[in-house]
Amino acid sequence: MIDFQPIASSSDGCAYHLSGGGASAPLLIECGLPLKFIQRALGWCVSELAGCLISHSHQDHCKAWAELSECGVDIYASKETFSQLTRYGRDRFSPHNLHSLNPGFPEHIGDWWIHSFEAVHDCDGTLGFVIESPKGDRLLYLTDTCYSKVTFPGLTHIAIECNHSMELLKANTLAGSLDRSRYSRTAHNHMSLERLLDLLKANDLSKVERITLLHLSDANSDEQEFKLAVERATGIPVDVAAKRGEK
């Protein structure tokens, strides 16, 4: 069985550790934190990673990419993401550790198979991932997207954004605590509870063992309400990733 462990999950920084499933080396998904925090969370063993997947070039998902590459970690992202990172990022990084992912073309990283696909976000080259372990576990990782264009067969685990509810987003906008431009950006670039429930309904969840909700908004979400809503809709145990985990 695979073990998906959130290190951090918020607009202040995202990082997740994936291990098990017969894989000899774990994966890091996102690196949107200072390198020292990631090193501490991983027991100072970043050199043991099979690689690091980055969904897109916003800092809360990629902050430590250059330092990780200098530590010898292979970094995987879309060509658009690397174009943005190398153009505006740090001057120092290891080019030979950067590997472009092409949506629709599986990539073998260590013992894992990575199936990348396009996400719906305001950042060119944003990707979601289906990650398959040697023992056949299939994790859907999807965040910073308004919805999914595709469905996903054979999933056993889901780690997915549930950023806000439209009800709370509208209420906060009417109350004046959220301006209309931020309302529009959030509604069109991040997964709402309502969209997530539609996505889950559209997929075969018969093999799914656990769902983890990611990247909840501080002001526009309700952790317990979201957890219960997804559990009621699916009958599957649900975890909510903390802003900063204990791993």
# chains A, B, ... in the order shown; residues from 1 in each chain; ligands from 1
>>> select_by_dssp(residues="stretch 5-230 of chain A", states="helix (DSSP H, G or I)", output="mmCIF file with N, CA and C atoms, in the first residue's frame")
data_model
loop_
_atom_site.group_PDB
_atom_site.id
_atom_site.type_symbol
_atom_site.label_atom_id
_atom_site.label_comp_id
_atom_site.auth_asym_id
_atom_site.auth_seq_id
_atom_site.Cartn_x
_atom_site.Cartn_y
_atom_site.Cartn_z
ATOM 1 N N LEU A 35 14.114 25.020 1.543
ATOM 2 C CA LEU A 35 14.768 23.717 1.487
ATOM 3 C C LEU A 35 14.971 23.122 2.877
ATOM 4 N N LYS A 36 15.367 23.926 3.842
ATOM 5 C CA LYS A 36 15.642 23.380 5.176
ATOM 6 C C LYS A 36 14.398 22.765 5.810
ATOM 7 N N PHE A 37 13.224 23.345 5.534
ATOM 8 C CA PHE A 37 11.996 22.773 6.082
ATOM 9 C C PHE A 37 11.730 21.411 5.446
ATOM 10 N N ILE A 38 11.939 21.312 4.142
ATOM 11 C CA ILE A 38 11.743 20.030 3.457
ATOM 12 C C ILE A 38 12.749 19.004 3.956
ATOM 13 N N GLN A 39 14.004 19.416 4.086
ATOM 14 C CA GLN A 39 15.025 18.495 4.590
ATOM 15 C C GLN A 39 14.667 17.977 5.973
ATOM 16 N N ARG A 40 14.236 18.868 6.842
ATOM 17 C CA ARG A 40 13.873 18.463 8.202
ATOM 18 C C ARG A 40 12.690 17.506 8.185
ATOM 19 N N ALA A 41 11.689 17.791 7.345
ATOM 20 C CA ALA A 41 10.501 16.934 7.257
ATOM 21 C C ALA A 41 10.841 15.539 6.758
ATOM 22 N N VAL A 46 16.980 13.910 1.576
ATOM 23 C CA VAL A 46 16.470 14.256 0.243
ATOM 24 C C VAL A 46 17.211 13.501 -0.855
ATOM 25 N N SER A 47 18.445 13.090 -0.594
ATOM 26 C CA SER A 47 19.205 12.368 -1.610
ATOM 27 C C SER A 47 18.607 10.996 -1.897
ATOM 28 N N GLU A 48 17.746 10.503 -1.024
ATOM 29 C CA GLU A 48 17.114 9.197 -1.218
ATOM 30 C C GLU A 48 15.868 9.268 -2.085
ATOM 31 N N GLN A 59 5.171 29.968 -6.742
ATOM 32 C CA GLN A 59 6.163 29.747 -5.694
ATOM 33 C C GLN A 59 5.703 28.790 -4.591
ATOM 34 N N ASP A 60 4.414 28.767 -4.298
ATOM 35 C CA ASP A 60 3.955 27.879 -3.224
ATOM 36 C C ASP A 60 4.010 26.408 -3.619
ATOM 37 N N HIS A 61 4.431 26.142 -4.867
ATOM 38 C CA HIS A 61 4.586 24.758 -5.327
ATOM 39 C C HIS A 61 6.017 24.428 -5.747
ATOM 40 N N CYS A 62 6.884 25.435 -5.864
ATOM 41 C CA CYS A 62 8.209 25.155 -6.442
ATOM 42 C C CYS A 62 9.356 25.909 -5.783
ATOM 43 N N TRP A 65 12.998 24.410 -5.780
ATOM 44 C CA TRP A 65 13.385 23.572 -6.921
ATOM 45 C C TRP A 65 14.872 23.653 -7.245
ATOM 46 N N ALA A 66 15.433 24.861 -7.246
ATOM 47 C CA ALA A 66 16.835 25.020 -7.635
ATOM 48 C C ALA A 66 17.765 24.376 -6.616
ATOM 49 N N GLU A 67 17.466 24.597 -5.335
ATOM 50 C CA GLU A 67 18.309 24.006 -4.285
ATOM 51 C C GLU A 67 18.224 22.479 -4.302
ATOM 52 N N LEU A 68 17.035 21.949 -4.524
ATOM 53 C CA LEU A 68 16.895 20.496 -4.601
ATOM 54 C C LEU A 68 17.704 19.931 -5.771
ATOM 55 N N SER A 69 17.672 20.627 -6.910
ATOM 56 C CA SER A 69 18.444 20.146 -8.059
ATOM 57 C C SER A 69 19.932 20.156 -7.746
ATOM 58 N N GLU A 70 20.388 21.157 -6.997
ATOM 59 C CA GLU A 70 21.792 21.213 -6.606
ATOM 60 C C GLU A 70 22.158 20.110 -5.622
ATOM 61 N N LYS A 79 7.525 21.454 -19.743
ATOM 62 C CA LYS A 79 8.517 22.330 -20.370
ATOM 63 C C LYS A 79 8.162 23.798 -20.127
ATOM 64 N N GLU A 80 6.854 24.114 -20.065
ATOM 65 C CA GLU A 80 6.432 25.491 -19.794
ATOM 66 C C GLU A 80 6.848 25.911 -18.382
ATOM 67 N N THR A 81 6.697 25.001 -17.435
ATOM 68 C CA THR A 81 7.103 25.303 -16.064
ATOM 69 C C THR A 81 8.600 25.557 -15.995
ATOM 70 N N PHE A 82 9.391 24.713 -16.622
ATOM 71 C CA PHE A 82 10.845 24.922 -16.593
ATOM 72 C C PHE A 82 11.243 26.211 -17.301
ATOM 73 N N SER A 83 10.534 26.571 -18.359
ATOM 74 C CA SER A 83 10.828 27.826 -19.046
ATOM 75 C C SER A 83 10.639 29.008 -18.111
ATOM 76 N N GLN A 84 9.564 28.974 -17.324
ATOM 77 C CA GLN A 84 9.300 30.055 -16.376
ATOM 78 C C GLN A 84 10.286 30.034 -15.217
ATOM 79 N N LEU A 85 10.596 28.853 -14.693
ATOM 80 C CA LEU A 85 11.494 28.757 -13.549
ATOM 81 C C LEU A 85 12.904 29.201 -13.900
ATOM 82 N N THR A 86 13.417 28.745 -15.026
ATOM 83 C CA THR A 86 14.796 29.080 -15.381
ATOM 84 C C THR A 86 14.937 30.521 -15.856
ATOM 85 N N ARG A 87 13.844 31.121 -16.306
ATOM 86 C CA ARG A 87 13.882 32.510 -16.763
ATOM 87 C C ARG A 87 13.839 33.477 -15.590
ATOM 88 N N TYR A 88 13.018 33.154 -14.592
ATOM 89 C CA TYR A 88 12.815 34.106 -13.497
ATOM 90 C C TYR A 88 13.317 33.590 -12.150
ATOM 91 N N PRO A 95 21.185 21.892 -14.471
ATOM 92 C CA PRO A 95 20.345 21.624 -15.646
ATOM 93 C C PRO A 95 20.160 20.141 -15.936
ATOM 94 N N HIS A 96 21.179 19.318 -15.640
ATOM 95 C CA HIS A 96 21.073 17.896 -15.967
ATOM 96 C C HIS A 96 20.085 17.169 -15.064
ATOM 97 N N ASN A 97 19.609 17.825 -13.999
ATOM 98 C CA ASN A 97 18.620 17.223 -13.103
ATOM 99 C C ASN A 97 17.193 17.652 -13.434
ATOM 100 N N MET A 166 -18.531 27.483 -3.275
ATOM 101 C CA MET A 166 -19.073 28.656 -3.939
ATOM 102 C C MET A 166 -19.953 29.458 -2.998
ATOM 103 N N GLU A 167 -20.626 28.772 -2.088
ATOM 104 C CA GLU A 167 -21.485 29.469 -1.123
ATOM 105 C C GLU A 167 -20.674 30.412 -0.245
ATOM 106 N N LEU A 168 -19.552 29.921 0.302
ATOM 107 C CA LEU A 168 -18.705 30.762 1.140
ATOM 108 C C LEU A 168 -18.021 31.857 0.331
ATOM 109 N N LEU A 169 -17.618 31.527 -0.886
ATOM 110 C CA LEU A 169 -16.955 32.505 -1.744
ATOM 111 C C LEU A 169 -17.895 33.674 -2.045
ATOM 112 N N LYS A 170 -19.138 33.360 -2.376
ATOM 113 C CA LYS A 170 -20.128 34.405 -2.671
ATOM 114 C C LYS A 170 -20.458 35.209 -1.421
ATOM 115 N N ALA A 171 -20.605 34.528 -0.282
ATOM 116 C CA ALA A 171 -20.944 35.219 0.965
ATOM 117 C C ALA A 171 -19.836 36.187 1.370
ATOM 118 N N ASN A 172 -18.589 35.780 1.238
ATOM 119 C CA ASN A 172 -17.472 36.647 1.608
ATOM 120 C C ASN A 172 -17.328 37.820 0.650
ATOM 121 N N THR A 173 -17.676 37.604 -0.608
ATOM 122 C CA THR A 173 -17.647 38.703 -1.573
ATOM 123 C C THR A 173 -18.729 39.724 -1.265
ATOM 124 N N LEU A 174 -19.926 39.259 -0.965
ATOM 125 C CA LEU A 174 -21.031 40.159 -0.624
ATOM 126 C C LEU A 174 -20.751 40.911 0.680
ATOM 127 N N ARG A 180 -13.928 41.464 -5.853
ATOM 128 C CA ARG A 180 -14.483 40.726 -6.983
ATOM 129 C C ARG A 180 -13.409 40.133 -7.890
ATOM 130 N N SER A 181 -12.254 40.777 -7.995
ATOM 131 C CA SER A 181 -11.181 40.216 -8.826
ATOM 132 C C SER A 181 -10.636 38.941 -8.196
ATOM 133 N N ARG A 182 -10.499 38.935 -6.863
ATOM 134 C CA ARG A 182 -10.035 37.725 -6.182
ATOM 135 C C ARG A 182 -11.103 36.634 -6.264
ATOM 136 N N TYR A 183 -12.364 37.021 -6.185
ATOM 137 C CA TYR A 183 -13.453 36.056 -6.350
ATOM 138 C C TYR A 183 -13.347 35.380 -7.716
ATOM 139 N N SER A 184 -13.168 36.172 -8.756
ATOM 140 C CA SER A 184 -13.114 35.625 -10.105
ATOM 141 C C SER A 184 -11.909 34.707 -10.280
ATOM 142 N N ARG A 185 -10.739 35.130 -9.784
ATOM 143 C CA ARG A 185 -9.541 34.300 -9.935
ATOM 144 C C ARG A 185 -9.703 32.982 -9.187
ATOM 145 N N THR A 186 -10.235 33.042 -7.980
ATOM 146 C CA THR A 186 -10.410 31.814 -7.198
ATOM 147 C C THR A 186 -11.405 30.877 -7.866
ATOM 148 N N ALA A 187 -12.534 31.416 -8.292
ATOM 149 C CA ALA A 187 -13.589 30.587 -8.885
ATOM 150 C C ALA A 187 -13.145 29.937 -10.186
ATOM 151 N N HIS A 188 -12.256 30.610 -10.940
ATOM 152 C CA HIS A 188 -11.873 30.109 -12.260
ATOM 153 C C HIS A 188 -10.552 29.342 -12.271
ATOM 154 N N ASN A 189 -9.877 29.249 -11.125
ATOM 155 C CA ASN A 189 -8.563 28.612 -11.114
ATOM 156 C C ASN A 189 -8.356 27.584 -10.014
ATOM 157 N N LEU A 193 -15.645 22.778 -3.695
ATOM 158 C CA LEU A 193 -16.285 21.565 -3.180
ATOM 159 C C LEU A 193 -17.303 21.043 -4.183
ATOM 160 N N GLU A 194 -18.071 21.933 -4.766
ATOM 161 C CA GLU A 194 -19.114 21.524 -5.708
ATOM 162 C C GLU A 194 -18.514 20.837 -6.942
ATOM 163 N N ARG A 195 -17.427 21.409 -7.473
ATOM 164 C CA ARG A 195 -16.759 20.803 -8.630
ATOM 165 C C ARG A 195 -16.123 19.467 -8.251
ATOM 166 N N LEU A 196 -15.555 19.403 -7.061
ATOM 167 C CA LEU A 196 -14.941 18.162 -6.619
ATOM 168 C C LEU A 196 -15.972 17.042 -6.523
ATOM 169 N N LEU A 197 -17.135 17.332 -5.964
ATOM 170 C CA LEU A 197 -18.171 16.300 -5.862
ATOM 171 C C LEU A 197 -18.601 15.819 -7.243
ATOM 172 N N ASP A 198 -18.675 16.742 -8.208
ATOM 173 C CA ASP A 198 -18.999 16.344 -9.583
ATOM 174 C C ASP A 198 -17.909 15.445 -10.159
ATOM 175 N N LEU A 199 -16.643 15.800 -9.914
ATOM 176 C CA LEU A 199 -15.522 15.008 -10.420
ATOM 177 C C LEU A 199 -15.553 13.602 -9.827
ATOM 178 N N LEU A 200 -15.782 13.506 -8.533
ATOM 179 C CA LEU A 200 -15.816 12.197 -7.884
ATOM 180 C C LEU A 200 -16.966 11.350 -8.422
ATOM 181 N N LYS A 201 -18.093 11.978 -8.659
ATOM 182 C CA LYS A 201 -19.261 11.261 -9.199
ATOM 183 C C LYS A 201 -18.976 10.718 -10.594
ATOM 184 N N ALA A 202 -18.127 11.412 -11.356
ATOM 185 C CA ALA A 202 -17.850 11.028 -12.738
ATOM 186 C C ALA A 202 -16.839 9.893 -12.854
ATOM 187 N N GLU A 223 -13.316 23.031 7.004
ATOM 188 C CA GLU A 223 -12.653 21.725 6.972
ATOM 189 C C GLU A 223 -13.595 20.576 7.310
ATOM 190 N N GLN A 224 -14.314 20.681 8.415
ATOM 191 C CA GLN A 224 -15.186 19.591 8.838
ATOM 192 C C GLN A 224 -16.356 19.395 7.875
ATOM 193 N N GLU A 225 -16.924 20.501 7.409
ATOM 194 C CA GLU A 225 -18.036 20.402 6.456
ATOM 195 C C GLU A 225 -17.574 19.733 5.165
ATOM 196 N N PHE A 226 -16.401 20.108 4.656
ATOM 197 C CA PHE A 226 -15.888 19.533 3.415
ATOM 198 C C PHE A 226 -15.602 18.044 3.585
ATOM 199 N N LYS A 227 -14.980 17.684 4.693
ATOM 200 C CA LYS A 227 -14.657 16.275 4.973
ATOM 201 C C LYS A 227 -15.937 15.436 5.011
ATOM 202 N N LEU A 228 -16.934 15.903 5.733
ATOM 203 C CA LEU A 228 -18.193 15.155 5.852
ATOM 204 C C LEU A 228 -18.929 15.087 4.521
ATOM 205 N N ALA A 229 -18.897 16.173 3.748
ATOM 206 C CA ALA A 229 -19.600 16.190 2.467
ATOM 207 C C ALA A 229 -19.011 15.156 1.510
ATOM 208 N N VAL A 230 -17.689 15.041 1.485
ATOM 209 C CA VAL A 230 -17.047 14.079 0.589
ATOM 210 C C VAL A 230 -17.258 12.656 1.092
#
>>> residues_around(residues="A:Asp144", least_positions_apart="4", cutoff="8 Å", atoms="only C-alpha atoms", output="mmCIF file with C-alpha atoms, in the first residue's frame")
data_model
loop_
_atom_site.group_PDB
_atom_site.id
_atom_site.type_symbol
_atom_site.label_atom_id
_atom_site.label_comp_id
_atom_site.auth_asym_id
_atom_site.auth_seq_id
_atom_site.Cartn_x
_atom_site.Cartn_y
_atom_site.Cartn_z
ATOM 1 C CA ALA A 119 -4.869 20.997 -15.448
ATOM 2 C CA VAL A 120 -7.077 24.111 -15.735
ATOM 3 C CA HIS A 121 -5.208 27.003 -14.104
ATOM 4 C CA GLU A 161 -7.695 20.226 -4.039
ATOM 5 C CA ASN A 189 -8.563 28.612 -11.114
ATOM 6 C CA HIS A 190 -9.186 26.496 -8.026
ATOM 7 C CA MET A 191 -11.319 23.446 -7.277
#
>>> residues_around(residues="A:Ser133", least_positions_apart="5", cutoff="9 Å", atoms="only C-alpha atoms", output="list in words")
Met1, Ile2, Ser19, Gly20, Gly21, Gly22, Ala23, Asp111, Trp112, Trp113, Arg138 and Leu139 of chain A
>>> residues_around(residues="stretch 204-217 of chain A", least_positions_apart="2", cutoff="8 Å", atoms="only C-alpha atoms", output="JSON, numbers by chain")
{"A": [9, 10, 11, 14, 143, 152, 153, 154, 155, 156, 157, 158, 159, 160, 161, 162, 163, 164, 200, 201, 202, 219, 220, 221, 223, 227, 234, 236, 237, 238, 239, 240, 241, 243]}
>>> write_last_selection(atoms="N, CA and C atoms", output="compact mmCIF listing (two decimals), in the first residue's frame")
# COMPACT_ATOMS: atom_id res chain seq x y z
N SER A 9 0.37 22.16 3.09
CA SER A 9 -0.64 22.27 2.05
C SER A 9 -1.45 23.54 2.23
N SER A 10 -0.98 24.61 1.62
CA SER A 10 -1.70 25.89 1.66
C SER A 10 -1.03 26.84 0.68
N SER A 11 -1.59 28.04 0.57
CA SER A 11 -0.99 29.04 -0.31
C SER A 11 0.35 29.54 0.23
N CYS A 14 3.36 24.19 -0.43
CA CYS A 14 2.85 22.82 -0.56
C CYS A 14 4.01 21.85 -0.78
N THR A 143 -4.25 19.49 -8.08
CA THR A 143 -4.48 20.71 -7.32
C THR A 143 -4.32 21.91 -8.24
N PHE A 152 -10.48 9.11 -14.63
CA PHE A 152 -9.30 8.35 -14.25
C PHE A 152 -9.69 6.93 -13.83
N PRO A 153 -9.37 5.93 -14.65
CA PRO A 153 -9.71 4.55 -14.31
C PRO A 153 -8.76 3.95 -13.29
N GLY A 154 -9.28 3.03 -12.48
CA GLY A 154 -8.44 2.21 -11.63
C GLY A 154 -7.79 2.89 -10.45
N LEU A 155 -8.31 4.01 -9.98
CA LEU A 155 -7.69 4.71 -8.87
C LEU A 155 -7.84 3.93 -7.57
N THR A 156 -6.79 4.01 -6.73
CA THR A 156 -6.86 3.44 -5.38
C THR A 156 -6.74 4.52 -4.31
N HIS A 157 -6.19 5.67 -4.67
CA HIS A 157 -6.03 6.78 -3.72
C HIS A 157 -6.22 8.09 -4.49
N ILE A 158 -6.74 9.10 -3.79
CA ILE A 158 -6.96 10.41 -4.39
C ILE A 158 -6.44 11.48 -3.44
N ALA A 159 -5.61 12.39 -3.96
CA ALA A 159 -5.16 13.57 -3.22
C ALA A 159 -5.50 14.76 -4.09
N ILE A 160 -6.46 15.57 -3.65
CA ILE A 160 -7.06 16.54 -4.57
C ILE A 160 -7.45 17.82 -3.85
N GLU A 161 -7.33 18.92 -4.58
CA GLU A 161 -7.70 20.23 -4.04
C GLU A 161 -9.19 20.32 -3.75
N CYS A 162 -9.50 20.92 -2.60
CA CYS A 162 -10.88 21.31 -2.28
C CYS A 162 -10.77 22.69 -1.64
N ASN A 163 -10.53 23.69 -2.47
CA ASN A 163 -10.08 24.99 -2.01
C ASN A 163 -11.16 25.82 -1.33
N HIS A 164 -12.39 25.75 -1.84
CA HIS A 164 -13.45 26.64 -1.35
C HIS A 164 -14.81 26.05 -1.69
N LEU A 200 -15.78 13.51 -8.53
CA LEU A 200 -15.82 12.20 -7.88
C LEU A 200 -16.97 11.35 -8.42
N LYS A 201 -18.09 11.98 -8.66
CA LYS A 201 -19.26 11.26 -9.20
C LYS A 201 -18.98 10.72 -10.59
N ALA A 202 -18.13 11.41 -11.36
CA ALA A 202 -17.85 11.03 -12.74
C ALA A 202 -16.84 9.89 -12.85
N ALA A 219 -10.14 31.35 4.41
CA ALA A 219 -11.37 32.14 4.58
C ALA A 219 -12.58 31.54 3.88
N ASN A 220 -12.35 30.71 2.86
CA ASN A 220 -13.45 30.29 2.00
C ASN A 220 -13.74 28.79 2.06
N SER A 221 -13.32 28.15 3.16
CA SER A 221 -13.56 26.72 3.32
C SER A 221 -13.98 26.41 4.75
N GLU A 223 -13.32 23.03 7.00
CA GLU A 223 -12.65 21.73 6.97
C GLU A 223 -13.60 20.58 7.31
N LYS A 227 -14.98 17.68 4.69
CA LYS A 227 -14.66 16.28 4.97
C LYS A 227 -15.94 15.44 5.01
N THR A 234 -19.24 9.71 -1.06
CA THR A 234 -18.46 8.60 -1.59
C THR A 234 -18.45 7.35 -0.72
N ILE A 236 -16.14 6.87 1.40
CA ILE A 236 -14.70 6.59 1.51
C ILE A 236 -14.10 7.46 2.61
N PRO A 237 -13.19 6.92 3.44
CA PRO A 237 -12.53 7.75 4.46
C PRO A 237 -11.81 8.94 3.84
N VAL A 238 -11.92 10.08 4.50
CA VAL A 238 -11.35 11.33 3.99
C VAL A 238 -10.43 11.95 5.03
N ASP A 239 -9.25 12.36 4.59
CA ASP A 239 -8.32 13.14 5.41
C ASP A 239 -8.26 14.56 4.85
N VAL A 240 -7.91 15.50 5.70
CA VAL A 240 -7.67 16.88 5.26
C VAL A 240 -6.22 17.23 5.57
N ALA A 241 -5.46 17.59 4.55
CA ALA A 241 -4.06 17.93 4.73
C ALA A 241 -3.93 19.23 5.53
N LYS A 243 -2.09 22.66 7.03
CA LYS A 243 -1.24 23.69 6.43
C LYS A 243 0.24 23.36 6.59
>>> closest_residue(among="A:Ala15, A:Cys52, A:Leu178, A:Ala8", to="A:Leu27", atoms="only C-alpha atoms")
A:Cys52
>>> residues_around(residues="A:His17", least_positions_apart="2", cutoff="6 Å", atoms="only C-alpha atoms", output="ChimeraX atom specification")
/A:4-5,27-28
>>> write_last_selection(atoms="C-alpha atoms", output="PDB file, in the first residue's frame")
ATOM      1  CA  PHE A   4       0.772   9.740   0.959  1.00  0.00           C
ATOM      2  CA  GLN A   5       1.957  12.153   3.655  1.00  0.00           C
ATOM      3  CA  LEU A  27       8.742  10.698  -4.390  1.00  0.00           C
ATOM      4  CA  LEU A  28       8.401  14.329  -3.367  1.00  0.00           C
TER       5      LEU A  28
END
>>> atom_distance(atom1="atom CA of A:Ser78", atom2="atom CA of A:Ile109")
14.7 Å
>>> atom_distance(atom1="atom CA of A:His99", atom2="atom CA of A:Ala242")
29.4 Å
>>> select_by_dssp(residues="stretch 126-181 of chain A", states="strand (DSSP E)", output="list in words")
Leu127, Gly128, Phe129, Val130, Ile131, Glu132, Arg138, Leu139, Leu140, Tyr141, Leu142, His157, Ile158, Ala159, Ile160 and Glu161 of chain A
>>> write_last_selection(atoms="N, CA and C atoms", output="short mmCIF file (atom, residue, chain, number, x, y, z; two decimals), in the first residue's frame")
data_model
loop_
_atom_site.label_atom_id
_atom_site.label_comp_id
_atom_site.auth_asym_id
_atom_site.auth_seq_id
_atom_site.Cartn_x
_atom_site.Cartn_y
_atom_site.Cartn_z
N LEU A 127 0.17 20.88 -14.51
CA LEU A 127 -0.10 19.46 -14.68
C LEU A 127 -0.74 18.84 -13.44
N GLY A 128 -1.53 17.81 -13.67
CA GLY A 128 -1.92 16.87 -12.63
C GLY A 128 -1.22 15.56 -12.92
N PHE A 129 -1.25 14.65 -11.94
CA PHE A 129 -0.53 13.39 -12.09
C PHE A 129 -1.36 12.21 -11.61
N VAL A 130 -1.30 11.11 -12.36
CA VAL A 130 -1.68 9.80 -11.82
C VAL A 130 -0.39 9.04 -11.63
N ILE A 131 -0.13 8.63 -10.39
CA ILE A 131 1.15 8.01 -10.03
C ILE A 131 0.88 6.55 -9.68
N GLU A 132 1.57 5.66 -10.39
CA GLU A 132 1.33 4.22 -10.23
C GLU A 132 2.54 3.56 -9.57
N ARG A 138 -2.73 3.25 -7.59
CA ARG A 138 -2.83 4.39 -8.51
C ARG A 138 -3.37 5.61 -7.75
N LEU A 139 -2.50 6.59 -7.56
CA LEU A 139 -2.84 7.83 -6.85
C LEU A 139 -3.12 8.94 -7.84
N LEU A 140 -4.28 9.58 -7.74
CA LEU A 140 -4.54 10.81 -8.47
C LEU A 140 -4.10 11.98 -7.61
N TYR A 141 -3.19 12.80 -8.14
CA TYR A 141 -2.79 14.05 -7.48
C TYR A 141 -3.22 15.20 -8.38
N LEU A 142 -4.09 16.07 -7.87
CA LEU A 142 -4.61 17.17 -8.68
C LEU A 142 -4.91 18.36 -7.79
N HIS A 157 -6.19 5.67 -4.67
CA HIS A 157 -6.03 6.78 -3.72
C HIS A 157 -6.22 8.09 -4.49
N ILE A 158 -6.74 9.10 -3.79
CA ILE A 158 -6.96 10.41 -4.39
C ILE A 158 -6.44 11.48 -3.44
N ALA A 159 -5.61 12.39 -3.96
CA ALA A 159 -5.16 13.57 -3.22
C ALA A 159 -5.50 14.76 -4.09
N ILE A 160 -6.46 15.57 -3.65
CA ILE A 160 -7.06 16.54 -4.57
C ILE A 160 -7.45 17.82 -3.85
N GLU A 161 -7.33 18.92 -4.58
CA GLU A 161 -7.70 20.23 -4.04
C GLU A 161 -9.19 20.32 -3.75
#
>>> closest_residue(among="A:Ile75, A:Leu101, A:Cys123, A:Cys31", to="A:Lys63", atoms="only C-alpha atoms")
A:Cys31
>>> atom_distance(atom1="atom CA of A:Val150", atom2="atom CA of A:His56")
18.6 Å
>>> closest_residue(among="A:Asp3, A:Asp179, A:Asp124, A:Asp12", to="A:Ser57", atoms="only C-alpha atoms")
A:Asp124
>>> decode(residues="stretch 178-194 of chain A", atoms="N, CA and C atoms", output="mmCIF file, in the first residue's frame")
data_model
loop_
_atom_site.group_PDB
_atom_site.id
_atom_site.type_symbol
_atom_site.label_atom_id
_atom_site.label_comp_id
_atom_site.auth_asym_id
_atom_site.auth_seq_id
_atom_site.Cartn_x
_atom_site.Cartn_y
_atom_site.Cartn_z
ATOM 1 N N LEU A 178 -13.878 39.869 0.496
ATOM 2 C CA LEU A 178 -13.200 39.341 -0.682
ATOM 3 C C LEU A 178 -13.576 40.221 -1.867
ATOM 4 N N ASP A 179 -12.563 40.801 -2.542
ATOM 5 C CA ASP A 179 -12.895 41.673 -3.665
ATOM 6 C C ASP A 179 -13.269 40.837 -4.888
ATOM 7 N N ARG A 180 -13.928 41.464 -5.853
ATOM 8 C CA ARG A 180 -14.483 40.726 -6.983
ATOM 9 C C ARG A 180 -13.409 40.133 -7.890
ATOM 10 N N SER A 181 -12.254 40.777 -7.995
ATOM 11 C CA SER A 181 -11.181 40.216 -8.826
ATOM 12 C C SER A 181 -10.636 38.941 -8.196
ATOM 13 N N ARG A 182 -10.499 38.935 -6.863
ATOM 14 C CA ARG A 182 -10.035 37.725 -6.182
ATOM 15 C C ARG A 182 -11.103 36.634 -6.264
ATOM 16 N N TYR A 183 -12.364 37.021 -6.185
ATOM 17 C CA TYR A 183 -13.453 36.056 -6.350
ATOM 18 C C TYR A 183 -13.347 35.380 -7.716
ATOM 19 N N SER A 184 -13.168 36.172 -8.756
ATOM 20 C CA SER A 184 -13.114 35.625 -10.105
ATOM 21 C C SER A 184 -11.909 34.707 -10.280
ATOM 22 N N ARG A 185 -10.739 35.130 -9.784
ATOM 23 C CA ARG A 185 -9.541 34.300 -9.935
ATOM 24 C C ARG A 185 -9.703 32.982 -9.187
ATOM 25 N N THR A 186 -10.235 33.042 -7.980
ATOM 26 C CA THR A 186 -10.410 31.814 -7.198
ATOM 27 C C THR A 186 -11.405 30.877 -7.866
ATOM 28 N N ALA A 187 -12.534 31.416 -8.292
ATOM 29 C CA ALA A 187 -13.589 30.587 -8.885
ATOM 30 C C ALA A 187 -13.145 29.937 -10.186
ATOM 31 N N HIS A 188 -12.256 30.610 -10.940
ATOM 32 C CA HIS A 188 -11.873 30.109 -12.260
ATOM 33 C C HIS A 188 -10.552 29.342 -12.271
ATOM 34 N N ASN A 189 -9.877 29.249 -11.125
ATOM 35 C CA ASN A 189 -8.563 28.612 -11.114
ATOM 36 C C ASN A 189 -8.356 27.584 -10.014
ATOM 37 N N HIS A 190 -9.338 27.436 -9.132
ATOM 38 C CA HIS A 190 -9.186 26.496 -8.026
ATOM 39 C C HIS A 190 -10.433 25.628 -7.892
ATOM 40 N N MET A 191 -10.239 24.421 -7.381
ATOM 41 C CA MET A 191 -11.319 23.446 -7.277
ATOM 42 C C MET A 191 -12.234 23.767 -6.094
ATOM 43 N N SER A 192 -13.512 23.917 -6.389
ATOM 44 C CA SER A 192 -14.504 24.117 -5.337
ATOM 45 C C SER A 192 -15.014 22.770 -4.841
ATOM 46 N N LEU A 193 -15.645 22.778 -3.695
ATOM 47 C CA LEU A 193 -16.285 21.565 -3.180
ATOM 48 C C LEU A 193 -17.303 21.043 -4.183
ATOM 49 N N GLU A 194 -18.071 21.933 -4.766
ATOM 50 C CA GLU A 194 -19.114 21.524 -5.708
ATOM 51 C C GLU A 194 -18.514 20.837 -6.942
#
